[in-house]
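S.K.: Structure below; questions to follow.
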Amino acid sequence: MSLFTRTHQQPDTNPPAPPDDPPSPPSPPSTTWRDRHPRLARTTSRTTTVLAAALVLAALLLPDHLGSLTPGEFVRIPAEGVCGVALLLVLPARARRIAAVAAGLALGVLTLLNFLDMGFYATLARPFDPVLDWILLDDAEAFLQDSVGRAGAIGTVVVVAVLVVALLVLLTLAVVRLSRLLVRHSALATRTTLVAGTVWVVCAALGAQIAGVPVASDSVAGGVQDRADRIRQGIADEREFKREAADDPFANTPPDQLLTGLRGKDVIFAFIESYGRTAVEDPAMASQVGAVLADGTRRLRAAGYGSRSAFLTSPTAGGGSWLAHSTFLSGLWIKNQQRYRTVTSSDRLTVTGAFERTGAWRTVGIMPGVTGAWPEGRFYGLDHVYDSRTLGYQGPRFSWSRMPDQYTLSAFETLEHGRKDRGTPRKPLMSEIILTSSHNPWAPIPRTIDWDEIGDGSVYDAIHDAGKDPKDVWKNPDQVRTEYRRSIEYSLTSLISYVEKYGNKNTVLVFLGDHQPVPTVTGDHASRDVPVSIVARDPAVLDRIADWDWTEGLKPGTNAPLWRMDTFRDRFLTAYGAGGEVTD
């Protein structure tokens, strides 16, 4: 037997080493949709990149006028895009990411401002003021509520808010995505940027155009510069306007020298909403509106009245009636909300305030469009203001207009003009009356009825129900113009009929438009002129303005005098003040 088999082995005191860890099982194949559908993933990625590039390019080239939204606008080379790509290519990774996010947000904000400009040009014939016009968005929401109801207005606001957020987010994501693509293909991107920059310079130097649009675009930079200039001008304008407002040649005129040529007269200042020069001169409506004015001139002449007419240039168009009212009455050019706030918080003498200062008139305001507190009444020197809540109307609203003009005038007759103070003759009356039936959207439109039928306005229920729906009218610009013209005819007819029925030997009527209607009616580049007329039975009233050379009748001639609206106050107070008498 072998020695080895017989030898006793000593036990191992160390525990056996554990076996090696078994190898990890192979990873299961990836189950992401990109791995399962690689072709679809590549197509989706490329499509997303193309859409991102298209979105950024569209934002860079977006015009600020609806009329400029043509294909030619979007086949240009944006200088800002070329410069932005060059900057992203040279920035380090962290700075590039920050710059891409900032550029996307900035481009989103500028795009929103461009959309606001489009809206303002389409309605007010001017660009959006980024400092002063935010308050008008509240008015736009109120207009929506008046036109389509509270639910429709809320829905519209919610949709707009979602779109605003979506635009900012999508543009930011698009710029970030494109910046990553530039880094992955930096060599190609560099060459393309150099070529695009060279082509831009050449096209700019040669003035190259496509369909009348310059190929070399710098619209973003130009828009930023333009807005910056408007902000600086607004700041400077505030200081300048305060100096203008303080210079008032009538501030210290004694009451007994004011309006001596109108003592004992009942004077009415009536503003007709959107009654612009277009209504009396546009070939599509001039004959119909002219016929109403010609018939009104004839009827008033038969009742013993004379009339004179001309044109005034309003500080606004398409909206902003209060700017025109304050310009006409204060003798200052009130072109924005900042000036309006400044003047209405001052002690500037207004035309209506001059009547109040004399103590010879009761002064009232008939404001059917006012729905709440209106502290401006004190600035205008009005002893009492009747608004939509106190005019007693029980009928339906006609879109924005809360009551028909004929009802407004009937309520004025009942509450003030035809009122007897305990059987004694009342004090002479100075009235400011706002007529709103010709306010956008011009549907439905009331019709003239017998004055004895008006009552509390309930009679208008059937008239409202038989009218047109604004949504249907606004599908066709020609229909919009037709309904605008019909609304002006209604307002003029109501006012002429009121004077004919309720006027007397002491009646003096000054009526005018506040501004032109929206560009949908006037077209682009229309003037801001509005007709103005003075009607009186006493010949001495019109004799005082004989040297104004206004056209005889209610329709101003094509060559009738044209004044800025802010010049009316001084001319009026001079003509009818002490020293304004006509001498042989």
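In the structure tokens, each chain is lettered A, B, ... as it comes, each chain's residues begin at 1, and ligands are numbered from 1 in order of appearance.
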For the strand (DSSP E or B) assignment from backbone DSSP, which residues of range 437-538 of chain A qualify? Please present them as a PDB file with C-alpha atoms, in the first residue's frame.

M.R.:
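What follows is the written file part-v3.pdb:
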```pdb
ATOM      1  CA  THR A 507     -81.733 124.685 -29.996  1.00  0.00           C
ATOM      2  CA  VAL A 508     -78.085 124.594 -31.090  1.00  0.00           C
ATOM      3  CA  LEU A 509     -76.700 121.233 -32.160  1.00  0.00           C
ATOM      4  CA  VAL A 510     -73.024 120.447 -32.767  1.00  0.00           C
ATOM      5  CA  PHE A 511     -72.576 116.883 -33.993  1.00  0.00           C
ATOM      6  CA  LEU A 512     -69.553 115.052 -35.314  1.00  0.00           C
ATOM      7  CA  GLY A 513     -67.937 111.688 -35.713  1.00  0.00           C
ATOM      8  CA  GLN A 516     -63.133 106.665 -38.804  1.00  0.00           C
ATOM      9  CA  ASP A 529     -61.018 112.863 -40.910  1.00  0.00           C
ATOM     10  CA  VAL A 530     -64.566 113.044 -39.551  1.00  0.00           C
ATOM     11  CA  PRO A 531     -67.509 115.278 -40.501  1.00  0.00           C
ATOM     12  CA  VAL A 532     -68.668 117.998 -38.122  1.00  0.00           C
ATOM     13  CA  SER A 533     -71.839 120.089 -38.366  1.00  0.00           C
ATOM     14  CA  ILE A 534     -73.453 122.954 -36.490  1.00  0.00           C
ATOM     15  CA  VAL A 535     -77.240 123.342 -36.617  1.00  0.00           C
ATOM     16  CA  ALA A 536     -79.194 126.317 -35.234  1.00  0.00           C
TER      17      ALA A 536
END
```

S.K.: What's around Val201 in chain A at 12 Å? Count only C-alpha atoms, leave out sequence neighbours fewer than 2 positions away in its own chain, and write the answer as a PDB file with N, CA, C and O atoms, in the first residue's frame.

M.R.:
```pdb
ATOM      1  N   ILE A  77     -34.086  86.302 -46.661  1.00  0.00           N
ATOM      2  CA  ILE A  77     -32.964  85.897 -45.808  1.00  0.00           C
ATOM      3  C   ILE A  77     -32.930  86.829 -44.602  1.00  0.00           C
ATOM      4  O   ILE A  77     -32.669  88.026 -44.753  1.00  0.00           O
ATOM      5  N   PRO A  78     -33.198  86.315 -43.402  1.00  0.00           N
ATOM      6  CA  PRO A  78     -33.196  87.193 -42.227  1.00  0.00           C
ATOM      7  C   PRO A  78     -31.781  87.415 -41.700  1.00  0.00           C
ATOM      8  O   PRO A  78     -31.069  86.460 -41.370  1.00  0.00           O
ATOM      9  N   ALA A  79     -31.378  88.655 -41.615  1.00  0.00           N
ATOM     10  CA  ALA A  79     -30.041  88.972 -41.101  1.00  0.00           C
ATOM     11  C   ALA A  79     -29.886  88.464 -39.675  1.00  0.00           C
ATOM     12  O   ALA A  79     -28.811  87.979 -39.290  1.00  0.00           O
ATOM     13  N   VAL A  82     -28.935  84.765 -39.635  1.00  0.00           N
ATOM     14  CA  VAL A  82     -27.533  84.527 -40.003  1.00  0.00           C
ATOM     15  C   VAL A  82     -26.616  84.869 -38.826  1.00  0.00           C
ATOM     16  O   VAL A  82     -25.716  84.091 -38.464  1.00  0.00           O
ATOM     17  N   LEU A 194     -21.718  81.377 -43.935  1.00  0.00           N
ATOM     18  CA  LEU A 194     -20.904  82.298 -44.735  1.00  0.00           C
ATOM     19  C   LEU A 194     -21.564  82.602 -46.076  1.00  0.00           C
ATOM     20  O   LEU A 194     -21.602  83.759 -46.517  1.00  0.00           O
ATOM     21  N   VAL A 195     -22.116  81.562 -46.707  1.00  0.00           N
ATOM     22  CA  VAL A 195     -22.783  81.770 -47.995  1.00  0.00           C
ATOM     23  C   VAL A 195     -24.023  82.650 -47.812  1.00  0.00           C
ATOM     24  O   VAL A 195     -24.248  83.605 -48.570  1.00  0.00           O
ATOM     25  N   ALA A 196     -24.852  82.331 -46.789  1.00  0.00           N
ATOM     26  CA  ALA A 196     -26.066  83.109 -46.556  1.00  0.00           C
ATOM     27  C   ALA A 196     -25.752  84.563 -46.228  1.00  0.00           C
ATOM     28  O   ALA A 196     -26.429  85.484 -46.705  1.00  0.00           O
ATOM     29  N   GLY A 197     -24.697  84.777 -45.431  1.00  0.00           N
ATOM     30  CA  GLY A 197     -24.312  86.146 -45.100  1.00  0.00           C
ATOM     31  C   GLY A 197     -23.851  86.916 -46.323  1.00  0.00           C
ATOM     32  O   GLY A 197     -24.183  88.098 -46.504  1.00  0.00           O
ATOM     33  N   THR A 198     -23.106  86.253 -47.177  1.00  0.00           N
ATOM     34  CA  THR A 198     -22.635  86.917 -48.396  1.00  0.00           C
ATOM     35  C   THR A 198     -23.793  87.271 -49.314  1.00  0.00           C
ATOM     36  O   THR A 198     -23.873  88.384 -49.855  1.00  0.00           O
ATOM     37  N   VAL A 199     -24.725  86.306 -49.485  1.00  0.00           N
ATOM     38  CA  VAL A 199     -25.888  86.569 -50.331  1.00  0.00           C
ATOM     39  C   VAL A 199     -26.715  87.719 -49.749  1.00  0.00           C
ATOM     40  O   VAL A 199     -27.224  88.575 -50.489  1.00  0.00           O
ATOM     41  N   CYS A 203     -27.568  91.078 -51.832  1.00  0.00           N
ATOM     42  CA  CYS A 203     -28.967  91.437 -52.095  1.00  0.00           C
ATOM     43  C   CYS A 203     -29.320  92.789 -51.487  1.00  0.00           C
ATOM     44  O   CYS A 203     -30.071  93.580 -52.081  1.00  0.00           O
ATOM     45  N   ALA A 204     -28.796  93.054 -50.299  1.00  0.00           N
ATOM     46  CA  ALA A 204     -29.057  94.354 -49.674  1.00  0.00           C
ATOM     47  C   ALA A 204     -28.441  95.474 -50.493  1.00  0.00           C
ATOM     48  O   ALA A 204     -29.046  96.548 -50.676  1.00  0.00           O
ATOM     49  N   ALA A 205     -27.230  95.255 -50.990  1.00  0.00           N
ATOM     50  CA  ALA A 205     -26.545  96.285 -51.779  1.00  0.00           C
ATOM     51  C   ALA A 205     -27.252  96.539 -53.107  1.00  0.00           C
ATOM     52  O   ALA A 205     -27.339  97.685 -53.568  1.00  0.00           O
ATOM     53  N   LEU A 206     -27.772  95.472 -53.714  1.00  0.00           N
ATOM     54  CA  LEU A 206     -28.418  95.605 -55.027  1.00  0.00           C
ATOM     55  C   LEU A 206     -29.908  95.911 -54.916  1.00  0.00           C
ATOM     56  O   LEU A 206     -30.558  96.201 -55.933  1.00  0.00           O
ATOM     57  N   GLY A 207     -30.449  95.806 -53.720  1.00  0.00           N
ATOM     58  CA  GLY A 207     -31.884  96.029 -53.549  1.00  0.00           C
ATOM     59  C   GLY A 207     -32.721  94.942 -54.190  1.00  0.00           C
ATOM     60  O   GLY A 207     -33.833  95.207 -54.679  1.00  0.00           O
ATOM     61  N   ALA A 208     -32.228  93.710 -54.193  1.00  0.00           N
ATOM     62  CA  ALA A 208     -32.935  92.596 -54.824  1.00  0.00           C
ATOM     63  C   ALA A 208     -34.282  92.352 -54.142  1.00  0.00           C
ATOM     64  O   ALA A 208     -34.398  92.444 -52.918  1.00  0.00           O
ATOM     65  N   PRO A 214     -38.122  92.952 -50.397  1.00  0.00           N
ATOM     66  CA  PRO A 214     -36.657  92.824 -50.371  1.00  0.00           C
ATOM     67  C   PRO A 214     -36.234  91.431 -49.902  1.00  0.00           C
ATOM     68  O   PRO A 214     -36.776  90.898 -48.932  1.00  0.00           O
ATOM     69  N   VAL A 215     -35.250  90.853 -50.610  1.00  0.00           N
ATOM     70  CA  VAL A 215     -34.743  89.535 -50.223  1.00  0.00           C
ATOM     71  C   VAL A 215     -33.999  89.626 -48.891  1.00  0.00           C
ATOM     72  O   VAL A 215     -34.118  88.756 -48.029  1.00  0.00           O
ATOM     73  N   ALA A 216     -33.207  90.683 -48.725  1.00  0.00           N
ATOM     74  CA  ALA A 216     -32.439  90.870 -47.490  1.00  0.00           C
ATOM     75  C   ALA A 216     -33.340  91.484 -46.423  1.00  0.00           C
ATOM     76  O   ALA A 216     -33.813  92.612 -46.570  1.00  0.00           O
ATOM     77  N   SER A 217     -33.605  90.709 -45.373  1.00  0.00           N
ATOM     78  CA  SER A 217     -34.533  91.164 -44.337  1.00  0.00           C
ATOM     79  C   SER A 217     -33.799  91.489 -43.044  1.00  0.00           C
ATOM     80  O   SER A 217     -32.891  90.756 -42.633  1.00  0.00           O
ATOM     81  N   ASP A 218     -34.196  92.580 -42.428  1.00  0.00           N
ATOM     82  CA  ASP A 218     -33.746  92.883 -41.060  1.00  0.00           C
ATOM     83  C   ASP A 218     -34.944  93.343 -40.238  1.00  0.00           C
ATOM     84  O   ASP A 218     -34.848  94.252 -39.415  1.00  0.00           O
TER      85      ASP A 218
END
```

S.K.: I'd like to know which residues of range 329-495 of chain A are helix (DSSP H, G or I) (by DSSP, run on the backbone); could you write them as a ChimeraX atom specification?

M.R.: /A:329-330,337-344,351-358,376-379,405-417,451-453,460-465,470-473,477-495

S.K.: Name the closest residue to Lys501 in chain A among the candidates A:Leu57, A:Ala578, A:Ala284, A:Ala303; distances are taken between atoms, counting only C-alpha atoms.

M.R.: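 Counting only C-alpha atoms, the residue closest to Lys501 in chain A is A:Ala303.
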
S.K.: Sorted by chain and rising residue number, list the residues of range 239-303 of chain A at most 9 Å from range 549-563 of chain A (counting only C-alpha atoms), each with its closest atom pair and distance in Å to one decimal, as JSON lines.

M.R.:
```
{"residue": "A:Val280", "atom": "CA", "partner": "A:Lys555", "partner_atom": "CA", "distance": 7.5}
{"residue": "A:Glu281", "atom": "CA", "partner": "A:Thr558", "partner_atom": "CA", "distance": 8.0}
{"residue": "A:Gly290", "atom": "CA", "partner": "A:Lys555", "partner_atom": "CA", "distance": 7.0}
{"residue": "A:Leu293", "atom": "CA", "partner": "A:Leu554", "partner_atom": "CA", "distance": 5.6}
{"residue": "A:Ala294", "atom": "CA", "partner": "A:Leu554", "partner_atom": "CA", "distance": 7.0}
{"residue": "A:Gly296", "atom": "CA", "partner": "A:Leu554", "partner_atom": "CA", "distance": 7.3}
{"residue": "A:Thr297", "atom": "CA", "partner": "A:Gly553", "partner_atom": "CA", "distance": 5.6}
{"residue": "A:Arg298", "atom": "CA", "partner": "A:Gly553", "partner_atom": "CA", "distance": 8.5}
{"residue": "A:Arg301", "atom": "CA", "partner": "A:Gly553", "partner_atom": "CA", "distance": 9.0}
```

S.K.: Restricting the output to N, CA, C and O atoms, write the selected residues as a compact mmCIF listing (two decimals), in the first residue's frame.

M.R.:
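Result file is result.txt:
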```txt
# COMPACT_ATOMS: atom_id res chain seq x y z
N VAL A 280 -69.15 109.61 -46.06
CA VAL A 280 -69.72 110.62 -46.96
C VAL A 280 -68.97 110.73 -48.28
O VAL A 280 -69.42 111.44 -49.18
N GLU A 281 -67.85 110.01 -48.43
CA GLU A 281 -67.08 110.14 -49.66
C GLU A 281 -66.76 108.82 -50.35
O GLU A 281 -66.43 108.82 -51.54
N GLY A 290 -75.20 110.29 -48.26
CA GLY A 290 -75.43 111.64 -48.75
C GLY A 290 -76.91 111.95 -48.90
O GLY A 290 -77.35 113.08 -48.64
N LEU A 293 -78.27 112.83 -45.51
CA LEU A 293 -77.86 114.18 -45.11
C LEU A 293 -78.58 115.25 -45.92
O LEU A 293 -78.98 116.30 -45.37
N ALA A 294 -78.77 115.00 -47.21
CA ALA A 294 -79.49 115.97 -48.04
C ALA A 294 -80.95 116.09 -47.60
O ALA A 294 -81.50 117.20 -47.50
N GLY A 296 -82.04 115.39 -44.61
CA GLY A 296 -82.03 116.04 -43.30
C GLY A 296 -81.86 117.54 -43.41
O GLY A 296 -82.52 118.31 -42.69
N THR A 297 -81.00 117.98 -44.33
CA THR A 297 -80.81 119.42 -44.55
C THR A 297 -82.13 120.05 -44.99
O THR A 297 -82.53 121.13 -44.50
N ARG A 298 -82.82 119.39 -45.91
CA ARG A 298 -84.09 119.91 -46.42
C ARG A 298 -85.14 119.98 -45.31
O ARG A 298 -85.82 121.00 -45.16
N ARG A 301 -84.25 122.65 -42.76
CA ARG A 301 -84.45 123.98 -43.32
C ARG A 301 -85.92 124.34 -43.31
O ARG A 301 -86.32 125.49 -43.01
```

S.K.: How close does each residue of range 558-577 of chain A get to range 354-369 of chain A, giving the shortest atom pair and distance in Å to one decimal for every residue with an atom at most 12 Å away, counting only C-alpha atoms, sorted by chain and residue number, as JSON lines?

M.R.:
```
{"residue": "A:Arg569", "atom": "CA", "partner": "A:Ala354", "partner_atom": "CA", "distance": 10.1}
{"residue": "A:Asp570", "atom": "CA", "partner": "A:Ala354", "partner_atom": "CA", "distance": 11.3}
{"residue": "A:Phe572", "atom": "CA", "partner": "A:Ala354", "partner_atom": "CA", "distance": 10.9}
{"residue": "A:Leu573", "atom": "CA", "partner": "A:Ala354", "partner_atom": "CA", "distance": 8.4}
{"residue": "A:Thr574", "atom": "CA", "partner": "A:Ala354", "partner_atom": "CA", "distance": 11.8}
{"residue": "A:Tyr576", "atom": "CA", "partner": "A:Ala354", "partner_atom": "CA", "distance": 11.2}
{"residue": "A:Gly577", "atom": "CA", "partner": "A:Ala354", "partner_atom": "CA", "distance": 10.3}
```

S.K.: Find the distance between CA of Ile210 in chain A and CA of Ala53 in chain A and write it in Å to one decimal.

M.R.: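 Between these atoms lies a distance of 21.2 Å.
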
S.K.: Can you build me a table of range 386-496 of chain A residues sitting at most 10 Å from range 312-335 of chain A, with the closest atom pair per residue and its distance in Å to one decimal, using only C-alpha atoms, sorted by chain and residue number, as CSV?

M.R.:
```
residue,atom,partner,partner_atom,distance
A:Glu432,CA,A:His325,CA,9.9
A:Ile434,CA,A:His325,CA,9.5
A:His439,CA,A:Gly319,CA,9.0
A:Asn440,CA,A:Gly318,CA,8.8
```

S.K.: How would the residues just chosen look if you wrote them out with all heavy atoms as an mmCIF file, in the first residue's frame?

M.R.:
```cif
data_model
loop_
_atom_site.group_PDB
_atom_site.id
_atom_site.type_symbol
_atom_site.label_atom_id
_atom_site.label_comp_id
_atom_site.auth_asym_id
_atom_site.auth_seq_id
_atom_site.Cartn_x
_atom_site.Cartn_y
_atom_site.Cartn_z
ATOM 1 N N GLU A 432 -73.874 116.831 -23.414
ATOM 2 C CA GLU A 432 -72.963 116.011 -24.211
ATOM 3 C C GLU A 432 -73.610 114.643 -24.354
ATOM 4 O O GLU A 432 -73.863 113.955 -23.361
ATOM 5 C CB GLU A 432 -71.594 115.877 -23.532
ATOM 6 C CG GLU A 432 -70.619 115.016 -24.334
ATOM 7 C CD GLU A 432 -69.319 114.743 -23.588
ATOM 8 O OE1 GLU A 432 -69.109 115.306 -22.489
ATOM 9 O OE2 GLU A 432 -68.509 113.941 -24.108
ATOM 10 N N ILE A 434 -73.589 110.846 -26.312
ATOM 11 C CA ILE A 434 -72.839 109.865 -27.093
ATOM 12 C C ILE A 434 -73.829 108.912 -27.747
ATOM 13 O O ILE A 434 -74.629 108.267 -27.056
ATOM 14 C CB ILE A 434 -71.857 109.078 -26.201
ATOM 15 C CG1 ILE A 434 -71.018 110.026 -25.345
ATOM 16 C CG2 ILE A 434 -70.974 108.191 -27.067
ATOM 17 C CD1 ILE A 434 -70.170 111.000 -26.126
ATOM 18 N N HIS A 439 -71.578 101.666 -33.487
ATOM 19 C CA HIS A 439 -70.349 101.049 -32.982
ATOM 20 C C HIS A 439 -70.177 99.663 -33.597
ATOM 21 O O HIS A 439 -71.141 98.906 -33.751
ATOM 22 C CB HIS A 439 -70.417 100.947 -31.452
ATOM 23 C CG HIS A 439 -69.112 100.645 -30.785
ATOM 24 N ND1 HIS A 439 -68.482 99.427 -30.893
ATOM 25 C CD2 HIS A 439 -68.302 101.413 -29.994
ATOM 26 C CE1 HIS A 439 -67.353 99.449 -30.207
ATOM 27 N NE2 HIS A 439 -67.216 100.639 -29.649
ATOM 28 N N ASN A 440 -68.927 99.340 -33.947
ATOM 29 C CA ASN A 440 -68.560 98.000 -34.372
ATOM 30 C C ASN A 440 -69.157 96.978 -33.376
ATOM 31 O O ASN A 440 -69.109 97.227 -32.174
ATOM 32 C CB ASN A 440 -67.017 97.960 -34.352
ATOM 33 C CG ASN A 440 -66.406 96.668 -34.800
ATOM 34 O OD1 ASN A 440 -67.043 95.633 -34.817
ATOM 35 N ND2 ASN A 440 -65.127 96.724 -35.117
#
```

S.K.: Please list as a PyMOL selection string every residue within 8 Å of Glu500 in chain A, counting only C-alpha atoms and excluding residues in the same chain fewer than 3 positions away.

M.R.: chain A and resi 299-300+303+496-497+503

S.K.: Just to be explicit: take each residue in the selection above, keep N, CA and C atoms, and write the result as a PDB file, in the first residue's frame.

M.R.:
```pdb
ATOM      1  N   ARG A 299     -85.251 118.902 -44.540  1.00  0.00           N
ATOM      2  CA  ARG A 299     -86.265 118.859 -43.487  1.00  0.00           C
ATOM      3  C   ARG A 299     -85.987 119.902 -42.400  1.00  0.00           C
ATOM      4  N   LEU A 300     -84.731 120.033 -42.013  1.00  0.00           N
ATOM      5  CA  LEU A 300     -84.404 121.013 -40.972  1.00  0.00           C
ATOM      6  C   LEU A 300     -84.572 122.445 -41.483  1.00  0.00           C
ATOM      7  N   ALA A 303     -87.993 123.383 -41.192  1.00  0.00           N
ATOM      8  CA  ALA A 303     -88.359 123.663 -39.795  1.00  0.00           C
ATOM      9  C   ALA A 303     -87.709 124.936 -39.282  1.00  0.00           C
ATOM     10  N   ILE A 496     -81.436 113.694 -36.597  1.00  0.00           N
ATOM     11  CA  ILE A 496     -82.168 114.703 -37.372  1.00  0.00           C
ATOM     12  C   ILE A 496     -83.638 114.710 -36.977  1.00  0.00           C
ATOM     13  N   SER A 497     -84.204 113.509 -36.826  1.00  0.00           N
ATOM     14  CA  SER A 497     -85.608 113.408 -36.440  1.00  0.00           C
ATOM     15  C   SER A 497     -85.851 113.993 -35.052  1.00  0.00           C
ATOM     16  N   GLY A 503     -86.775 120.012 -31.183  1.00  0.00           N
ATOM     17  CA  GLY A 503     -86.004 121.258 -31.178  1.00  0.00           C
ATOM     18  C   GLY A 503     -86.899 122.484 -31.115  1.00  0.00           C
TER      19      GLY A 503
END
```

S.K.: For Gly523 in chain A, which residue among A:Asp478, A:Asp347, A:Glu489, A:Asp129 is the nearest when counting only C-alpha atoms?

M.R.: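 Of all the options, A:Asp478 lies closest to Gly523 in chain A.
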